Amino acid sequence: MGWSFRIARIRGIDIKVHATFFLILIFGALQWAGSVPDSPLQGALFGVVLMILLFACVTLHELGHSIAAQLFDIPVREIVLFPLGGVAFIARNPEKPLQELLIAAAGPAVNVVIAAILFVVTGGIGVDFMDTAAVLEALREPSFTTMLVWLLFLNISLVFFNLIPAFPLDGGRMLRAVLAMGLGNARATQIATAVGQVSAVILGIFGILNGQLLLTLIALFIFFSAGQERSVAESKTVLTTLRVGDAYNKHALSLEIGDRVSKVVDYILTSYQPDFAVMQGSNIIGVVTRSDVLRTLATDGTDRYVTEIMQREFLRVEAHRSLDEVRETLMENGAQLAAVFDGSRYLGLVSLDDISEAFTVLMFVRRQKELRQQRSPTI
Ligand SMILES: [Zn+2]
């Protein structure tokens with residue numbers, strides 16, 4: 001994720017802060033600057049610390065999801081903190097609905113635990129939650145108690161907000177998981193995303209009526225994310241039916257040891273092919289991509305051997321794998337392309353672009369079929 005930097009690493013997961021995160025600290029400072037009559041600085045400092053502690057809770061929430069995912073052998077690359085919340089980059093959706101349910105529930109469960117601890121601690125230092133007027137009064141003045149009571153309320157809000165049954169909120173994922181247990185994944189996604197969009201519309205109208213710009217923005221975000229989730233699920237069902245052995249380019253140009261960069265430039269200019277295998281006999285020993293070539297041309301005037309600029313490390317996939325599995329492998333490894341093998345025999349290269357192209361074609365074919373089916377009764 002660009003524009004973000006690492007602040008910690010826990011169980012192999014990078015915890016990163018996005019550059020825009022500082023906006024929320026400024027927001028906290030401004031909110032609290034007027035709370036101490038004689039010292040705006042002291043108030044502002046309180047606001048900043050409160051925001052940092054809130055986001056520590058958000059990080060623990062995301063770690064809840066991440067560690068649950070790791071328990072099911074799903075890799076988690078990083079957690080990025082944005083001003084509006086955290087995102088855990090979990091490599092793929094789990095196959096089993098029960099796993100998805102547990103991973104989604106693990107986040108809010110962490111906030112329930114934190115809230116319970118804060119409830120006991122604040123009760124222990126004499127906060128009487130029955131006396132609402134006193135609690136509300138206490139919430140205005142910065143103090144240690146105020147900090148704890150705010151964190152308690154914020155954690156409770158996090159639980160309720162995340163349980164709204166709308167993608168990409170945890171409640172939406174939990175709903176889909178429960179539906180998928182009885183209806184299968186495709187149908188469950190359809191229903192859950194529809195519920196999500198309806199919830200988002202209600203949330204958006206509520207936001208507009210109450211002049212809550214932030215809530216309206218979040219509702220918009222939820223609405224579009226639900227739509228995106230649906231198309232991801234659709235493409236998944238299409239892509240699981242096709243093997244990568246049927247989708248790689250069988251007529252791809254390849255390079256030999258001893259070929260130079262100028263030959264690749266020729267190939268790129270005369271074909272639309274972006275990636276080339278470097279062959280030694282019938283064995284692939286490396287891969288040269290268009291960007292490798294461009295980088296060499298930009299930094300080097302000499303016509304180098306392709307073996308000098310090729311990538312020696314590349315992913316290998318079996319021809320019988322489905323396009324969806326290959327796409328997931330590519331994304332898990334942050335790679336653009338993989339070499340397709342039938343046993344030990346090299347067949348060709350396949351890239352993320354090839355897969356999305358295959359998807360577009362398949363969706364077109366499918367739609368044509370649907371159209372024909374719709375027309376046939378009238379003939
Ligand atoms: Zn969550």
# chains A, B, ... in the order shown; residues from 1 in each chain; ligands from 1

call {"tool": "residues_around", "arguments": {"residues": "A:Ile257", "least_positions_apart": "6", "cutoff": "12 Å", "atoms": "only C-alpha atoms", "output": "PyMOL selection string"}}
result
chain A and resi 263+277-288+304-310

call {"tool": "write_last_selection", "arguments": {"atoms": "N, CA and C atoms", "output": "PDB file, in the first residue's frame"}}
result
ATOM      1  N   LYS A 263      16.459  -7.271 -29.079  1.00  0.00           N
ATOM      2  CA  LYS A 263      15.533  -8.250 -29.653  1.00  0.00           C
ATOM      3  C   LYS A 263      14.178  -8.185 -28.939  1.00  0.00           C
ATOM      4  N   ALA A 277       9.452 -15.412 -21.816  1.00  0.00           N
ATOM      5  CA  ALA A 277      10.229 -16.418 -21.097  1.00  0.00           C
ATOM      6  C   ALA A 277      11.611 -16.484 -21.732  1.00  0.00           C
ATOM      7  N   VAL A 278      12.644 -16.640 -20.907  1.00  0.00           N
ATOM      8  CA  VAL A 278      13.992 -16.866 -21.429  1.00  0.00           C
ATOM      9  C   VAL A 278      14.256 -18.366 -21.331  1.00  0.00           C
ATOM     10  N   MET A 279      14.557 -19.002 -22.505  1.00  0.00           N
ATOM     11  CA  MET A 279      14.635 -20.458 -22.561  1.00  0.00           C
ATOM     12  C   MET A 279      16.077 -20.934 -22.730  1.00  0.00           C
ATOM     13  N   GLN A 280      16.350 -22.072 -22.101  1.00  0.00           N
ATOM     14  CA  GLN A 280      17.595 -22.794 -22.386  1.00  0.00           C
ATOM     15  C   GLN A 280      17.134 -24.159 -22.860  1.00  0.00           C
ATOM     16  N   GLY A 281      17.143 -24.345 -24.175  1.00  0.00           N
ATOM     17  CA  GLY A 281      16.512 -25.539 -24.731  1.00  0.00           C
ATOM     18  C   GLY A 281      15.020 -25.489 -24.442  1.00  0.00           C
ATOM     19  N   SER A 282      14.485 -26.541 -23.772  1.00  0.00           N
ATOM     20  CA  SER A 282      13.056 -26.518 -23.466  1.00  0.00           C
ATOM     21  C   SER A 282      12.802 -26.134 -22.011  1.00  0.00           C
ATOM     22  N   ASN A 283      13.863 -25.666 -21.320  1.00  0.00           N
ATOM     23  CA  ASN A 283      13.691 -25.235 -19.927  1.00  0.00           C
ATOM     24  C   ASN A 283      13.602 -23.725 -19.826  1.00  0.00           C
ATOM     25  N   ILE A 284      12.677 -23.250 -18.988  1.00  0.00           N
ATOM     26  CA  ILE A 284      12.604 -21.816 -18.743  1.00  0.00           C
ATOM     27  C   ILE A 284      13.578 -21.482 -17.615  1.00  0.00           C
ATOM     28  N   ILE A 285      14.416 -20.455 -17.829  1.00  0.00           N
ATOM     29  CA  ILE A 285      15.386 -20.109 -16.781  1.00  0.00           C
ATOM     30  C   ILE A 285      15.151 -18.706 -16.222  1.00  0.00           C
ATOM     31  N   GLY A 286      14.225 -17.961 -16.840  1.00  0.00           N
ATOM     32  CA  GLY A 286      13.950 -16.625 -16.318  1.00  0.00           C
ATOM     33  C   GLY A 286      12.838 -15.966 -17.101  1.00  0.00           C
ATOM     34  N   VAL A 287      12.447 -14.768 -16.635  1.00  0.00           N
ATOM     35  CA  VAL A 287      11.351 -14.039 -17.253  1.00  0.00           C
ATOM     36  C   VAL A 287      11.772 -12.593 -17.440  1.00  0.00           C
ATOM     37  N   VAL A 288      11.464 -12.045 -18.620  1.00  0.00           N
ATOM     38  CA  VAL A 288      11.724 -10.626 -18.870  1.00  0.00           C
ATOM     39  C   VAL A 288      10.385  -9.952 -19.143  1.00  0.00           C
ATOM     40  N   ARG A 304      22.365  -4.954 -23.540  1.00  0.00           N
ATOM     41  CA  ARG A 304      22.785  -6.046 -22.660  1.00  0.00           C
ATOM     42  C   ARG A 304      22.130  -7.372 -23.036  1.00  0.00           C
ATOM     43  N   TYR A 305      22.678  -8.437 -22.482  1.00  0.00           N
ATOM     44  CA  TYR A 305      22.068  -9.755 -22.670  1.00  0.00           C
ATOM     45  C   TYR A 305      20.784  -9.838 -21.840  1.00  0.00           C
ATOM     46  N   VAL A 306      19.777 -10.539 -22.353  1.00  0.00           N
ATOM     47  CA  VAL A 306      18.525 -10.674 -21.593  1.00  0.00           C
ATOM     48  C   VAL A 306      18.764 -11.423 -20.284  1.00  0.00           C
ATOM     49  N   THR A 307      19.782 -12.304 -20.282  1.00  0.00           N
ATOM     50  CA  THR A 307      20.060 -13.057 -19.047  1.00  0.00           C
ATOM     51  C   THR A 307      20.551 -12.134 -17.927  1.00  0.00           C
ATOM     52  N   GLU A 308      21.034 -10.929 -18.296  1.00  0.00           N
ATOM     53  CA  GLU A 308      21.495 -10.004 -17.260  1.00  0.00           C
ATOM     54  C   GLU A 308      20.334  -9.286 -16.597  1.00  0.00           C
ATOM     55  N   ILE A 309      19.252  -9.091 -17.330  1.00  0.00           N
ATOM     56  CA  ILE A 309      18.156  -8.299 -16.769  1.00  0.00           C
ATOM     57  C   ILE A 309      16.948  -9.156 -16.390  1.00  0.00           C
ATOM     58  N   MET A 310      16.990 -10.452 -16.691  1.00  0.00           N
ATOM     59  CA  MET A 310      15.800 -11.281 -16.436  1.00  0.00           C
ATOM     60  C   MET A 310      15.599 -11.529 -14.948  1.00  0.00           C
TER      61      MET A 310
END

call {"tool": "residues_near_ligand", "arguments": {"ligand": "ligand 1", "cutoff": "10 Å", "atoms": "only C-alpha atoms and all ligand atoms", "output": "PyMOL selection string"}}
result
chain A and resi 58-66+85-88+103-111+158-159+161-163+168-171+173

call {"tool": "atom_distance", "arguments": {"atom1": "atom CA of A:Thr216", "atom2": "atom CA of A:Asn93"}}
result
27.7 Å

call {"tool": "closest_residue", "arguments": {"among": "A:Gly123, A:Ala134, A:Ile355, A:Leu71", "to": "A:Leu102", "atoms": "only C-alpha atoms"}}
result
A:Leu71

call {"tool": "closest_atom_pairs", "arguments": {"of": "stretch 143-190 of chain A", "to": "stretch 42-53 of chain A", "cutoff": "10 Å", "atoms": "only C-alpha atoms", "output": "Markdown table"}}
result
| residue | atom | partner | partner_atom | distance |
| --- | --- | --- | --- | --- |
| A:Ser143 | CA | A:Phe46 | CA | 8.2 |
| A:Phe144 | CA | A:Phe46 | CA | 9.5 |
| A:Thr146 | CA | A:Leu50 | CA | 9.7 |
| A:Met147 | CA | A:Leu50 | CA | 6.5 |
| A:Leu148 | CA | A:Leu50 | CA | 9.1 |
| A:Trp150 | CA | A:Leu50 | CA | 8.1 |
| A:Leu151 | CA | A:Leu50 | CA | 7.7 |

call {"tool": "write_last_selection", "arguments": {"atoms": "all heavy atoms", "output": "PDB file, in the first residue's frame"}}
result
ATOM      1  N   SER A 143      -9.518  14.070  31.663  1.00  0.00           N
ATOM      2  CA  SER A 143      -8.899  13.476  32.852  1.00  0.00           C
ATOM      3  C   SER A 143      -8.661  12.010  32.523  1.00  0.00           C
ATOM      4  O   SER A 143      -9.117  11.524  31.479  1.00  0.00           O
ATOM      5  CB  SER A 143      -9.819  13.580  34.068  1.00  0.00           C
ATOM      6  OG  SER A 143     -10.885  12.646  33.940  1.00  0.00           O
ATOM      7  N   PHE A 144      -7.998  11.307  33.408  1.00  0.00           N
ATOM      8  CA  PHE A 144      -7.740   9.881  33.187  1.00  0.00           C
ATOM      9  C   PHE A 144      -9.064   9.122  33.078  1.00  0.00           C
ATOM     10  O   PHE A 144      -9.256   8.291  32.182  1.00  0.00           O
ATOM     11  CB  PHE A 144      -6.887   9.344  34.347  1.00  0.00           C
ATOM     12  CG  PHE A 144      -6.529   7.899  34.197  1.00  0.00           C
ATOM     13  CD1 PHE A 144      -5.760   7.463  33.126  1.00  0.00           C
ATOM     14  CD2 PHE A 144      -6.973   6.964  35.122  1.00  0.00           C
ATOM     15  CE1 PHE A 144      -5.429   6.117  32.983  1.00  0.00           C
ATOM     16  CE2 PHE A 144      -6.655   5.613  34.983  1.00  0.00           C
ATOM     17  CZ  PHE A 144      -5.883   5.206  33.911  1.00  0.00           C
ATOM     18  N   THR A 146     -12.062  10.342  32.244  1.00  0.00           N
ATOM     19  CA  THR A 146     -12.716  10.720  30.987  1.00  0.00           C
ATOM     20  C   THR A 146     -12.183   9.881  29.828  1.00  0.00           C
ATOM     21  O   THR A 146     -12.933   9.373  29.000  1.00  0.00           O
ATOM     22  CB  THR A 146     -12.468  12.214  30.684  1.00  0.00           C
ATOM     23  OG1 THR A 146     -12.828  12.965  31.839  1.00  0.00           O
ATOM     24  CG2 THR A 146     -13.266  12.669  29.491  1.00  0.00           C
ATOM     25  N   MET A 147     -10.853   9.730  29.798  1.00  0.00           N
ATOM     26  CA  MET A 147     -10.207   8.954  28.734  1.00  0.00           C
ATOM     27  C   MET A 147     -10.763   7.526  28.710  1.00  0.00           C
ATOM     28  O   MET A 147     -11.163   7.013  27.664  1.00  0.00           O
ATOM     29  CB  MET A 147      -8.690   8.934  29.017  1.00  0.00           C
ATOM     30  CG  MET A 147      -7.842   8.235  28.001  1.00  0.00           C
ATOM     31  SD  MET A 147      -7.490   9.277  26.595  1.00  0.00           S
ATOM     32  CE  MET A 147      -6.244  10.385  27.231  1.00  0.00           C
ATOM     33  N   LEU A 148     -10.817   6.904  29.884  1.00  0.00           N
ATOM     34  CA  LEU A 148     -11.279   5.508  29.947  1.00  0.00           C
ATOM     35  C   LEU A 148     -12.751   5.390  29.558  1.00  0.00           C
ATOM     36  O   LEU A 148     -13.141   4.458  28.834  1.00  0.00           O
ATOM     37  CB  LEU A 148     -11.053   4.939  31.358  1.00  0.00           C
ATOM     38  CG  LEU A 148      -9.599   4.817  31.816  1.00  0.00           C
ATOM     39  CD1 LEU A 148      -9.534   4.168  33.189  1.00  0.00           C
ATOM     40  CD2 LEU A 148      -8.785   4.010  30.818  1.00  0.00           C
ATOM     41  N   TRP A 150     -14.500   7.420  27.606  1.00  0.00           N
ATOM     42  CA  TRP A 150     -14.598   7.606  26.150  1.00  0.00           C
ATOM     43  C   TRP A 150     -14.201   6.331  25.402  1.00  0.00           C
ATOM     44  O   TRP A 150     -14.884   5.905  24.473  1.00  0.00           O
ATOM     45  CB  TRP A 150     -13.689   8.756  25.698  1.00  0.00           C
ATOM     46  CG  TRP A 150     -14.433  10.053  25.585  1.00  0.00           C
ATOM     47  CD1 TRP A 150     -14.360  11.125  26.418  1.00  0.00           C
ATOM     48  CD2 TRP A 150     -15.391  10.405  24.580  1.00  0.00           C
ATOM     49  NE1 TRP A 150     -15.205  12.110  26.012  1.00  0.00           N
ATOM     50  CE2 TRP A 150     -15.854  11.700  24.879  1.00  0.00           C
ATOM     51  CE3 TRP A 150     -15.919   9.756  23.455  1.00  0.00           C
ATOM     52  CZ2 TRP A 150     -16.805  12.372  24.101  1.00  0.00           C
ATOM     53  CZ3 TRP A 150     -16.865  10.425  22.676  1.00  0.00           C
ATOM     54  CH2 TRP A 150     -17.296  11.702  23.011  1.00  0.00           C
ATOM     55  N   LEU A 151     -13.077   5.738  25.826  1.00  0.00           N
ATOM     56  CA  LEU A 151     -12.618   4.524  25.142  1.00  0.00           C
ATOM     57  C   LEU A 151     -13.648   3.406  25.281  1.00  0.00           C
ATOM     58  O   LEU A 151     -13.887   2.643  24.337  1.00  0.00           O
ATOM     59  CB  LEU A 151     -11.265   4.068  25.699  1.00  0.00           C
ATOM     60  CG  LEU A 151     -10.066   4.886  25.218  1.00  0.00           C
ATOM     61  CD1 LEU A 151      -8.800   4.450  25.920  1.00  0.00           C
ATOM     62  CD2 LEU A 151      -9.915   4.748  23.696  1.00  0.00           C
TER      63      LEU A 151
END

call {"tool": "atom_distance", "arguments": {"atom1": "atom CA of A:Arg321", "atom2": "atom CA of A:Phe72"}}
result
21.2 Å

call {"tool": "residues_around", "arguments": {"residues": "A:Gly227", "least_positions_apart": "5", "cutoff": "9 Å", "atoms": "only C-alpha atoms", "output": "short mmCIF file (atom, residue, chain, number, x, y, z; two decimals) with C-alpha atoms, in the first residue's frame"}}
result
data_model
loop_
_atom_site.label_atom_id
_atom_site.label_comp_id
_atom_site.auth_asym_id
_atom_site.auth_seq_id
_atom_site.Cartn_x
_atom_site.Cartn_y
_atom_site.Cartn_z
CA PHE A 167 -20.27 -5.24 3.19
CA THR A 193 -24.70 -7.69 -0.84
CA ALA A 194 -28.32 -6.68 -1.55
CA GLN A 197 -26.80 -1.93 -0.20
CA ILE A 222 -20.39 0.66 1.83
CA VAL A 232 -15.68 -10.35 -7.37
#

call {"tool": "closest_residue", "arguments": {"among": "A:Gln336, A:Asn185, A:Asp131, A:Gly258", "to": "A:Arg290", "atoms": "only C-alpha atoms"}}
result
A:Gln336

call {"tool": "atom_distance", "arguments": {"atom1": "atom CA of A:Leu25", "atom2": "atom CA of A:Gly207"}}
result
23.2 Å

call {"tool": "residues_around", "arguments": {"residues": "stretch 295-303 of chain A", "least_positions_apart": "2", "cutoff": "8 Å", "atoms": "only C-alpha atoms", "output": "MDAnalysis selection string"}}
result
chainID A and resid 260:262 291:293 305 309

call {"tool": "select_by_dssp", "arguments": {"residues": "stretch 105-347 of chain A", "states": "strand (DSSP E)", "output": "VMD selection string"}}
result
chain A and resid 255 to 256 275 to 280 283 to 289 315 to 318 337 to 342 345 to 347

call {"tool": "closest_residue", "arguments": {"among": "A:Val76, A:Ala226, A:Val340, A:Val350", "to": "A:Arg92", "atoms": "only C-alpha atoms"}}
result
A:Val76

call {"tool": "closest_residue", "arguments": {"among": "A:Leu220, A:Met130, A:Ala192, A:Ala8", "to": "A:Ile205", "atoms": "only C-alpha atoms"}}
result
A:Leu220
